[in-house]
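Enquirer: run-v3.txt is reproduced in full below (compact mmCIF, C-alpha atoms and all ligand atoms).
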```txt
# COMPACT_ATOMS: atom_id res chain seq x y z
CA MET A 8 -22.30 -0.29 7.52
CA SER A 9 -21.54 3.35 6.86
CA SER A 10 -21.85 5.85 9.69
CA THR A 11 -22.18 8.73 7.25
CA ASP A 12 -23.33 9.07 3.66
CA GLN A 13 -21.41 12.31 3.20
CA ALA A 14 -18.04 12.17 1.47
CA PRO A 15 -15.39 13.89 3.63
CA LYS A 16 -13.32 16.72 2.20
CA SER A 17 -9.99 14.88 2.28
CA PHE A 18 -8.83 12.95 -0.76
CA PHE A 19 -8.61 9.73 1.28
CA SER A 20 -10.35 9.20 4.54
CA CYS A 21 -11.25 6.27 6.72
CA HIS A 22 -13.38 6.51 9.80
CA ASP A 23 -13.83 4.02 12.65
CA LEU A 24 -12.65 1.04 10.58
CA LYS A 25 -13.16 -2.28 12.32
CA ALA A 26 -12.23 -5.56 10.66
CA TYR A 27 -11.90 -9.17 11.82
CA TYR A 28 -10.69 -12.65 11.00
CA GLY A 29 -13.10 -15.16 12.53
CA GLU A 30 -13.64 -14.02 16.11
CA SER A 31 -10.60 -11.81 16.26
CA TYR A 32 -10.81 -8.06 15.63
CA VAL A 33 -7.43 -7.07 14.19
CA VAL A 34 -8.42 -3.55 13.10
CA GLN A 35 -10.16 -1.91 16.01
CA GLY A 36 -11.54 1.48 15.05
CA LEU A 37 -9.03 3.28 12.83
CA SER A 38 -9.64 6.82 11.57
CA PHE A 39 -7.26 8.90 9.48
CA ASP A 40 -7.15 11.19 6.44
CA ILE A 41 -4.55 11.63 3.70
CA PRO A 42 -4.24 14.70 1.44
CA GLU A 43 -3.91 13.91 -2.26
CA GLY A 44 -0.37 13.09 -3.37
CA ASP A 45 1.04 12.49 0.10
CA ILE A 46 2.87 9.43 1.37
CA VAL A 47 1.94 7.86 4.70
CA ALA A 48 4.22 5.40 6.49
CA LEU A 49 2.04 2.93 8.42
CA LEU A 50 4.30 1.43 11.05
CA GLY A 51 4.23 -0.79 14.12
CA ARG A 52 5.46 -4.05 15.55
CA ASN A 53 4.82 -7.48 14.00
CA GLY A 54 1.17 -8.36 14.31
CA ALA A 55 0.08 -4.75 14.99
CA GLY A 56 -2.46 -4.97 12.15
CA LYS A 57 -0.73 -3.07 9.33
CA THR A 58 -1.23 -5.63 6.55
CA SER A 59 -4.79 -6.18 7.74
CA THR A 60 -5.41 -2.42 7.49
CA LEU A 61 -4.15 -2.31 3.90
CA ARG A 62 -6.29 -5.34 3.02
CA THR A 63 -9.33 -3.74 4.65
CA ILE A 64 -8.85 -0.54 2.64
CA ALA A 65 -8.45 -2.55 -0.58
CA ARG A 66 -11.72 -4.35 0.36
CA ALA A 67 -10.11 -7.78 0.33
CA LYS A 68 -12.49 -10.50 1.55
CA GLN A 69 -10.31 -11.09 4.63
CA PRO A 70 -10.24 -9.47 7.12
CA ALA A 71 -13.97 -8.77 6.89
CA LEU A 72 -15.00 -5.15 7.32
CA ALA A 73 -17.41 -4.92 10.27
CA THR A 74 -18.02 -1.19 10.44
CA GLY A 75 -16.54 2.02 9.19
CA ASP A 76 -16.28 4.25 6.17
CA ILE A 77 -13.56 4.37 3.52
CA TRP A 78 -13.66 7.26 1.08
CA LEU A 79 -11.40 7.89 -1.89
CA ASN A 80 -11.90 11.04 -3.90
CA GLY A 81 -15.61 11.15 -2.98
CA GLN A 82 -16.19 7.46 -3.72
CA ALA A 83 -17.62 5.24 -0.97
CA ILE A 84 -15.11 2.37 -1.04
CA HIS A 85 -16.68 0.71 2.03
CA SER A 86 -19.67 -0.36 -0.03
CA MET A 87 -17.56 -1.81 -2.88
CA LYS A 88 -16.38 -5.31 -3.74
CA PRO A 89 -12.61 -5.84 -4.25
CA PHE A 90 -12.74 -5.46 -8.04
CA GLU A 91 -14.82 -2.28 -7.69
CA ALA A 92 -12.28 -0.83 -5.24
CA ALA A 93 -9.54 -1.63 -7.78
CA ARG A 94 -11.55 0.03 -10.50
CA ALA A 95 -11.97 3.07 -8.23
CA GLY A 96 -8.16 3.38 -8.13
CA ILE A 97 -6.98 1.36 -5.13
CA GLN A 98 -4.05 -0.92 -5.90
CA LEU A 99 -2.56 -3.19 -3.26
CA VAL A 100 1.00 -4.38 -3.94
CA CYS A 101 1.34 -7.36 -1.61
CA GLU A 102 4.47 -8.58 0.12
CA ASP A 103 4.64 -11.53 -2.32
CA ARG A 104 4.49 -9.03 -5.24
CA ARG A 105 1.96 -11.14 -7.17
CA ILE A 106 4.01 -11.49 -10.36
CA ILE A 107 2.33 -13.85 -12.83
CA PRO A 108 4.74 -16.73 -13.37
CA GLY A 109 5.15 -18.44 -16.74
CA VAL A 110 4.71 -15.25 -18.78
CA THR A 111 7.11 -12.45 -19.68
CA VAL A 112 7.60 -9.05 -18.05
CA GLU A 113 5.74 -7.42 -20.93
CA GLU A 114 2.85 -9.88 -20.70
CA ASN A 115 2.59 -9.25 -16.96
CA ILE A 116 1.99 -5.56 -17.70
CA ILE A 117 -0.41 -6.29 -20.56
CA LEU A 118 -2.41 -8.61 -18.28
CA ALA A 119 -2.70 -5.83 -15.68
CA GLN A 120 -4.46 -3.82 -18.37
CA ILE A 121 -7.05 -6.46 -19.14
CA ALA A 122 -9.83 -4.35 -17.59
CA GLU A 123 -10.63 -0.63 -17.68
CA PRO A 124 -9.73 1.94 -16.43
CA LEU A 125 -6.23 1.87 -17.88
CA GLY A 126 -3.31 3.79 -16.45
CA TRP A 127 0.06 4.32 -18.07
CA SER A 128 0.75 2.89 -21.53
CA ILE A 129 3.30 0.12 -21.77
CA GLU A 130 5.75 2.48 -23.53
CA LYS A 131 5.41 5.08 -20.77
CA ILE A 132 6.03 2.36 -18.19
CA PHE A 133 9.19 1.21 -19.98
CA GLY A 134 10.31 4.86 -20.22
CA HIS A 135 10.22 5.06 -16.42
CA PHE A 136 11.52 1.53 -15.76
CA PRO A 137 14.43 1.02 -18.19
CA LYS A 138 15.45 -2.16 -16.36
CA LEU A 139 12.08 -3.70 -17.13
CA GLN A 140 12.37 -2.64 -20.75
CA GLU A 141 15.72 -4.41 -21.04
CA ARG A 142 14.04 -7.54 -19.69
CA ARG A 143 10.66 -7.22 -21.39
CA LYS A 144 10.89 -10.68 -22.97
CA GLN A 145 12.25 -12.39 -19.85
CA GLU A 146 10.06 -14.80 -17.89
CA ALA A 147 8.87 -12.67 -14.98
CA SER A 148 9.50 -15.16 -12.18
CA THR A 149 13.21 -15.22 -13.13
CA LEU A 150 13.59 -11.51 -12.26
CA SER A 151 15.57 -10.52 -9.18
CA GLY A 152 13.64 -9.45 -6.06
CA GLY A 153 14.17 -5.75 -6.84
CA GLU A 154 13.10 -6.18 -10.45
CA GLN A 155 10.00 -8.06 -9.32
CA GLN A 156 9.14 -5.17 -6.99
CA MET A 157 9.52 -2.77 -9.94
CA LEU A 158 7.28 -4.99 -12.03
CA ALA A 159 4.69 -5.02 -9.23
CA LEU A 160 4.78 -1.18 -9.20
CA ALA A 161 4.59 -1.12 -13.01
CA ARG A 162 1.51 -3.36 -12.90
CA ALA A 163 -0.16 -0.95 -10.44
CA LEU A 164 0.68 2.02 -12.70
CA ALA A 165 -0.72 0.17 -15.71
CA ARG A 166 -4.06 0.50 -13.93
CA ASP A 167 -5.39 3.96 -13.15
CA VAL A 168 -3.99 3.97 -9.62
CA LYS A 169 -5.07 6.76 -7.25
CA LEU A 170 -4.14 5.15 -3.94
CA LEU A 171 -1.14 2.85 -3.88
CA LEU A 172 -0.96 0.45 -0.93
CA LEU A 173 2.53 -1.01 -0.55
CA ASP A 174 3.12 -3.90 1.82
CA GLU A 175 6.81 -4.33 2.68
CA PRO A 176 8.18 -3.14 -0.68
CA TYR A 177 11.80 -3.28 0.54
CA GLU A 178 11.63 -6.76 2.03
CA GLY A 179 14.67 -8.86 1.16
CA LEU A 180 16.23 -6.17 -1.03
CA ALA A 181 19.82 -4.90 -0.86
CA PRO A 182 20.25 -1.25 0.21
CA VAL A 183 21.21 -0.13 -3.30
CA ILE A 184 18.01 -1.67 -4.72
CA VAL A 185 15.98 -0.10 -1.91
CA GLN A 186 17.37 3.28 -3.03
CA GLU A 187 16.28 2.57 -6.59
CA ILE A 188 12.73 1.70 -5.46
CA GLU A 189 12.71 4.84 -3.28
CA ARG A 190 13.57 6.98 -6.32
CA MET A 191 10.72 5.35 -8.22
CA LEU A 192 8.28 5.97 -5.36
CA LEU A 193 9.28 9.65 -5.28
CA GLU A 194 8.60 9.86 -9.03
CA ILE A 195 5.21 8.27 -8.44
CA LYS A 196 4.56 10.89 -5.74
CA LYS A 197 5.47 13.68 -8.18
CA MET A 198 2.73 12.37 -10.43
CA GLY A 199 0.23 13.08 -7.65
CA ILE A 200 -0.40 9.48 -6.60
CA THR A 201 -1.22 9.00 -2.91
CA THR A 202 0.61 6.15 -1.15
CA ILE A 203 0.43 4.19 2.09
CA ILE A 204 3.62 2.26 2.77
CA VAL A 205 3.89 -0.52 5.36
CA GLU A 206 7.53 -1.32 6.00
CA GLN A 207 9.68 -3.03 8.64
CA ASN A 208 12.50 -0.77 7.52
CA ALA A 209 10.85 2.12 9.35
CA VAL A 210 13.68 4.60 8.83
CA ALA A 211 13.60 4.13 5.05
CA ALA A 212 9.80 4.49 5.02
CA LEU A 213 9.93 7.61 7.21
CA LYS A 214 12.55 9.26 4.98
CA LEU A 215 10.13 8.92 2.08
CA ALA A 216 6.90 9.74 3.91
CA ASP A 217 5.12 13.00 4.71
CA HIS A 218 3.06 11.52 7.54
CA ALA A 219 3.44 8.62 9.95
CA ILE A 220 0.84 6.46 11.61
CA ILE A 221 1.93 3.98 14.26
CA MET A 222 -0.31 1.04 15.13
CA ASP A 223 -0.26 -1.29 18.09
CA SER A 224 -2.71 -4.15 18.72
CA GLY A 225 -5.11 -2.97 16.03
CA VAL A 226 -5.35 0.67 17.12
CA ILE A 227 -3.52 3.88 16.19
CA VAL A 228 -1.14 4.99 18.93
CA PHE A 229 0.49 7.90 17.07
CA THR A 230 -0.33 10.17 14.13
CA GLY A 231 1.99 12.95 13.07
CA THR A 232 4.67 13.90 10.62
CA ALA A 233 7.37 11.45 9.60
CA GLN A 234 9.92 13.95 10.93
CA GLU A 235 8.30 13.88 14.39
CA VAL A 236 8.82 10.12 14.58
CA LEU A 237 12.41 10.38 13.40
CA GLU A 238 13.05 12.93 16.16
CA ASN A 239 11.16 11.09 18.95
CA GLN A 240 13.48 8.44 20.32
CA ALA A 241 11.09 7.23 23.03
CA LEU A 242 8.32 6.62 20.49
CA ARG A 243 10.69 4.82 18.13
CA GLU A 244 12.01 2.61 20.92
CA GLU A 245 8.58 1.77 22.27
CA TYR A 246 6.80 0.88 19.05
CA LEU A 247 9.39 0.47 16.32
CA ALA A 248 12.43 -0.91 18.14
CA ILE A 249 14.75 1.47 16.25
N1 LIG A 301 -5.65 -14.79 7.62
C1 LIG A 301 -5.63 -14.58 8.93
N2 LIG A 301 -6.46 -15.27 9.76
C2 LIG A 301 -6.45 -15.04 11.09
N3 LIG A 301 -5.67 -14.12 11.71
C3 LIG A 301 -4.83 -13.43 10.94
C4 LIG A 301 -4.76 -13.60 9.51
N4 LIG A 301 -3.82 -12.75 9.01
C5 LIG A 301 -3.33 -12.07 10.07
N5 LIG A 301 -3.93 -12.47 11.21
C6 LIG A 301 -3.67 -11.94 12.56
O1 LIG A 301 -4.03 -10.57 12.58
C7 LIG A 301 -3.13 -9.83 13.40
C8 LIG A 301 -2.57 -8.66 12.57
O2 LIG A 301 -1.76 -9.20 11.53
P1 LIG A 301 -1.16 -8.29 10.37
O3 LIG A 301 -0.52 -9.20 9.37
O4 LIG A 301 -2.17 -7.34 9.91
O5 LIG A 301 -0.04 -7.50 11.19
P2 LIG A 301 1.18 -6.66 10.66
O6 LIG A 301 1.23 -5.44 11.52
O7 LIG A 301 1.11 -6.48 9.21
O8 LIG A 301 2.38 -7.61 11.05
P3 LIG A 301 3.73 -7.99 10.24
O9 LIG A 301 4.59 -6.79 10.35
O10 LIG A 301 4.24 -9.15 11.05
O11 LIG A 301 3.34 -8.36 8.86
C9 LIG A 301 -2.07 -10.80 13.87
O12 LIG A 301 -2.40 -11.17 15.18
C10 LIG A 301 -2.20 -11.96 12.91
O13 LIG A 301 -1.85 -13.18 13.54
```
Render the structure in this file as structure tokens.
Ligand SMILES: Nc1ncnc2c1ncn2[C@@H]1O[C@H](COP(=O)(O)OP(=O)(O)OP(=O)(O)O)[C@@H](O)[C@H]1O

Expert:
Amino acid sequence: MSSTDQAPKSFFSCHDLKAYYGESYVVQGLSFDIPEGDIVALLGRNGAGKTSTLRTIARAKQPALATGDIWLNGQAIHSMKPFEAARAGIQLVCEDRRIIPGVTVEENIILAQIAEPLGWSIEKIFGHFPKLQERRKQEASTLSGGEQQMLALARALARDVKLLLLDEPYEGLAPVIVQEIERMLLEIKKMGITTIIVEQNAVAALKLADHAIIMDSGVIVFTGTAQEVLENQALREEYLAI
């Protein structure tokens, strides 16, 4: 499966990733690198293959990885199972946020720490997310959308996350809540955690990001700085409709 056994120098790197659902290749040969601690905005139209790319990197069963290498901090993620990729530090925060219903906020965090390696302690998490602390005994599924997104981030931090994969973190949230999540993501960046953010709200994602990757029909059509995309009207109109 791997085209090279040598770990690349970059903190995160993927090379010639191809992944498919059934007969349909939705990720068609992606290659990119990310320096440690940077944020990448992965953008593109509906159906471009962004979620599929995140799922491929997290080694989800679907889409199936056909070929390509994925390296994180010298570890060969492409030869791992999903739980091994999680143990290696890859945390995917899905669009549905994957809160565990029927248990409290605090229990949701404790359950994220059921397996090694552990990340932040519960007290450290509450120090950074005062809103979650206030609601630690509340049933998690009764949280607002923004609070659920915070809890999803908290659950990722409770593991020893090295690469955070965020799928539509701002979806359905009011602008003021988006700003709160943005502040949290910048704090996470300050802690040296590397992030890939997929977001329909491209402007918000670009404001946060160092780099931008634009996908179309399963391939990368642009790689550059976030600023370059913000300044390139033709590119934004063609691929992002903004
Ligand atoms: N489970 C699945 N089985 C089959 N095809 C799928 C599956 N999930 C997604 N696809 C297809 O893969 C392609 C890429 O979808 P993906 O969700 O990765 O795109 P996206 O860029 O994240 O789009 P969006 O912004 O709409 O979420 C689409 O054509 C989609 O219909």

Enquirer: Return as a list of chain:residue names every polymer residue, whether protein, DNA or RNA, with at least one atom no more than 7 Å from an atom of ligand LIG 301 (chain A); count only C-alpha atoms and all ligand atoms.

Expert: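 Based on only C-alpha atoms and all ligand atoms, ligand LIG 301 (chain A) is surrounded within 7 Å by A:Tyr28, A:Gly29, A:Val33, A:Gly51, A:Arg52, A:Asn53, A:Gly54, A:Ala55, A:Gly56, A:Lys57, A:Thr58, A:Ser59, A:Thr60, A:Gln69, A:Gln207.
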
Enquirer: Taking 2 positions as the minimum chain separation for residues in the same chain, which residues sit within 6 Å of range 158-175 of chain A when counting only C-alpha atoms? Answer as a list of chain:residue names.

Expert: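 Non-adjacent residues within range: A:Gly96, A:Ile97, A:Gln98, A:Leu99, A:Val100, A:Cys101, A:Glu102, A:Arg104, A:Ile116, A:Ala119, A:Pro124, A:Leu125, A:Gly126, A:Trp127, A:Gln155, A:Gln156, A:Tyr177, A:Glu178, A:Ile200, A:Thr201, A:Thr202, A:Ile203, A:Ile204, A:Val205, A:Glu206.
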
Enquirer: Of the candidates A:Ala233, A:Ala71, A:Gly81, A:Gly134, which one gets nearest to Ile220 in chain A if we count only C-alpha atoms?

Expert: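 Closest candidate: A:Ala233.
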
Enquirer: Given all atoms listed in the file as the basis, pick out the residue of A:Leu150, A:Met87, A:Val47, A:Met157 nearest to Gln234 in chain A.

Expert: A:Val47

Enquirer: What's around range 188-195 of chain A at 10 Å? Count all atoms listed in the file, leave out sequence neighbours fewer than 2 positions away in its own chain, and write the answer as a PyMOL selection string.

Expert: chain A and resi 44+46+135-136+153-154+156-157+160+164+171+176-177+180+182-186+197-202+211-212+214-216

Enquirer: A:Thr63, A:Asn208, A:Thr232, A:Ser148: which is nearest Ile106 in chain A, counting only C-alpha atoms?

Expert: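 Nearest candidate to Ile106 in chain A out of A:Thr63, A:Asn208, A:Thr232, A:Ser148: A:Ser148.
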
Enquirer: What separation in Å, quoted to one decimal, exists between CA of Ala73 in chain A and CA of Ala93 in chain A?

Expert: 20.0 Å

Enquirer: Name the closest residue to Phe39 in chain A among the candidates A:Leu72, A:Ala65, A:Ile227, A:Ile121; distances are taken between atoms, counting all atoms listed in the file.

Expert: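 Among the listed residues, the smallest separation from Phe39 in chain A belongs to A:Ile227.
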
Enquirer: Can you build me a table of range 71-185 of chain A residues sitting at most 9 Å from range 14-18 of chain A, with the closest atom pair per residue and its distance in Å to one decimal, using all atoms listed in the file, sorted by chain and residue number, as CSV?

Expert:
```
residue,atom,partner,partner_atom,distance
A:Trp78,CA,A:Ala14,CA,6.6
A:Leu79,CA,A:Phe18,CA,5.8
A:Asn80,CA,A:Phe18,CA,4.8
A:Gly81,CA,A:Ala14,CA,5.2
A:Gln82,CA,A:Ala14,CA,7.2
A:Ala83,CA,A:Ala14,CA,7.4
```

Enquirer: Restricting the calculation to only C-alpha atoms: of A:Glu123, A:Asp76, A:Asp223, A:Glu244, which residue gets closest to Arg94 in chain A?

Expert: A:Glu123

Enquirer: One decimal, Å: what's the distance from CA of Asp23 in chain A over to CA of Glu91 in chain A, could you say?

Expert: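 CA of Glu91 in chain A lies at a distance of 21.3 Å from CA of Asp23 in chain A.
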
Enquirer: In Å, with one decimal, what is the gap from CA of Ile64 in chain A to CA of Glu113 in chain A?

Expert: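 Distance reported for this atom pair: 28.6 Å.
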
Enquirer: Kindly complete range 208-227 of chain A to N, CA and C atoms; the output should be written as a PDB file, keeping the file's coordinate frame.

Expert:
```pdb
ATOM      1  N   ASN A 208      11.396  -1.722   7.557  1.00  0.00           N
ATOM      2  CA  ASN A 208      12.500  -0.770   7.520  1.00  0.00           C
ATOM      3  C   ASN A 208      11.914   0.632   7.733  1.00  0.00           C
ATOM      4  N   ALA A 209      11.615   0.911   9.019  1.00  0.00           N
ATOM      5  CA  ALA A 209      10.850   2.120   9.350  1.00  0.00           C
ATOM      6  C   ALA A 209      11.602   3.396   8.957  1.00  0.00           C
ATOM      7  N   VAL A 210      12.918   3.390   9.137  1.00  0.00           N
ATOM      8  CA  VAL A 210      13.680   4.600   8.830  1.00  0.00           C
ATOM      9  C   VAL A 210      13.566   4.930   7.340  1.00  0.00           C
ATOM     10  N   ALA A 211      13.708   3.905   6.499  1.00  0.00           N
ATOM     11  CA  ALA A 211      13.600   4.130   5.050  1.00  0.00           C
ATOM     12  C   ALA A 211      12.191   4.638   4.702  1.00  0.00           C
ATOM     13  N   ALA A 212      11.183   4.057   5.312  1.00  0.00           N
ATOM     14  CA  ALA A 212       9.800   4.490   5.020  1.00  0.00           C
ATOM     15  C   ALA A 212       9.579   5.923   5.487  1.00  0.00           C
ATOM     16  N   LEU A 213      10.130   6.261   6.656  1.00  0.00           N
ATOM     17  CA  LEU A 213       9.930   7.610   7.210  1.00  0.00           C
ATOM     18  C   LEU A 213      10.651   8.674   6.384  1.00  0.00           C
ATOM     19  N   LYS A 214      11.797   8.312   5.818  1.00  0.00           N
ATOM     20  CA  LYS A 214      12.550   9.260   4.980  1.00  0.00           C
ATOM     21  C   LYS A 214      11.723   9.664   3.751  1.00  0.00           C
ATOM     22  N   LEU A 215      10.912   8.714   3.302  1.00  0.00           N
ATOM     23  CA  LEU A 215      10.130   8.920   2.080  1.00  0.00           C
ATOM     24  C   LEU A 215       8.796   9.626   2.373  1.00  0.00           C
ATOM     25  N   ALA A 216       8.287   9.394   3.609  1.00  0.00           N
ATOM     26  CA  ALA A 216       6.900   9.740   3.910  1.00  0.00           C
ATOM     27  C   ALA A 216       6.723  11.189   4.360  1.00  0.00           C
ATOM     28  N   ASP A 217       5.504  11.706   4.144  1.00  0.00           N
ATOM     29  CA  ASP A 217       5.120  13.000   4.710  1.00  0.00           C
ATOM     30  C   ASP A 217       4.583  12.790   6.129  1.00  0.00           C
ATOM     31  N   HIS A 218       3.747  11.763   6.270  1.00  0.00           N
ATOM     32  CA  HIS A 218       3.060  11.520   7.540  1.00  0.00           C
ATOM     33  C   HIS A 218       3.407  10.118   8.047  1.00  0.00           C
ATOM     34  N   ALA A 219       3.239   9.948   9.363  1.00  0.00           N
ATOM     35  CA  ALA A 219       3.440   8.620   9.950  1.00  0.00           C
ATOM     36  C   ALA A 219       2.233   8.268  10.808  1.00  0.00           C
ATOM     37  N   ILE A 220       1.867   6.993  10.714  1.00  0.00           N
ATOM     38  CA  ILE A 220       0.840   6.460  11.610  1.00  0.00           C
ATOM     39  C   ILE A 220       1.467   5.234  12.251  1.00  0.00           C
ATOM     40  N   ILE A 221       1.409   5.165  13.583  1.00  0.00           N
ATOM     41  CA  ILE A 221       1.930   3.980  14.260  1.00  0.00           C
ATOM     42  C   ILE A 221       0.755   3.219  14.861  1.00  0.00           C
ATOM     43  N   MET A 222       0.746   1.906  14.601  1.00  0.00           N
ATOM     44  CA  MET A 222      -0.310   1.040  15.130  1.00  0.00           C
ATOM     45  C   MET A 222       0.252   0.117  16.185  1.00  0.00           C
ATOM     46  N   ASP A 223      -0.602  -0.257  17.121  1.00  0.00           N
ATOM     47  CA  ASP A 223      -0.260  -1.290  18.090  1.00  0.00           C
ATOM     48  C   ASP A 223      -1.553  -2.015  18.454  1.00  0.00           C
ATOM     49  N   SER A 224      -1.525  -3.334  18.384  1.00  0.00           N
ATOM     50  CA  SER A 224      -2.710  -4.150  18.720  1.00  0.00           C
ATOM     51  C   SER A 224      -3.987  -3.633  18.070  1.00  0.00           C
ATOM     52  N   GLY A 225      -3.900  -3.310  16.789  1.00  0.00           N
ATOM     53  CA  GLY A 225      -5.110  -2.970  16.030  1.00  0.00           C
ATOM     54  C   GLY A 225      -5.618  -1.552  16.177  1.00  0.00           C
ATOM     55  N   VAL A 226      -4.907  -0.727  16.976  1.00  0.00           N
ATOM     56  CA  VAL A 226      -5.350   0.670  17.120  1.00  0.00           C
ATOM     57  C   VAL A 226      -4.186   1.620  16.771  1.00  0.00           C
ATOM     58  N   ILE A 227      -4.543   2.871  16.475  1.00  0.00           N
ATOM     59  CA  ILE A 227      -3.520   3.880  16.190  1.00  0.00           C
ATOM     60  C   ILE A 227      -3.024   4.456  17.515  1.00  0.00           C
TER      61      ILE A 227
END
```
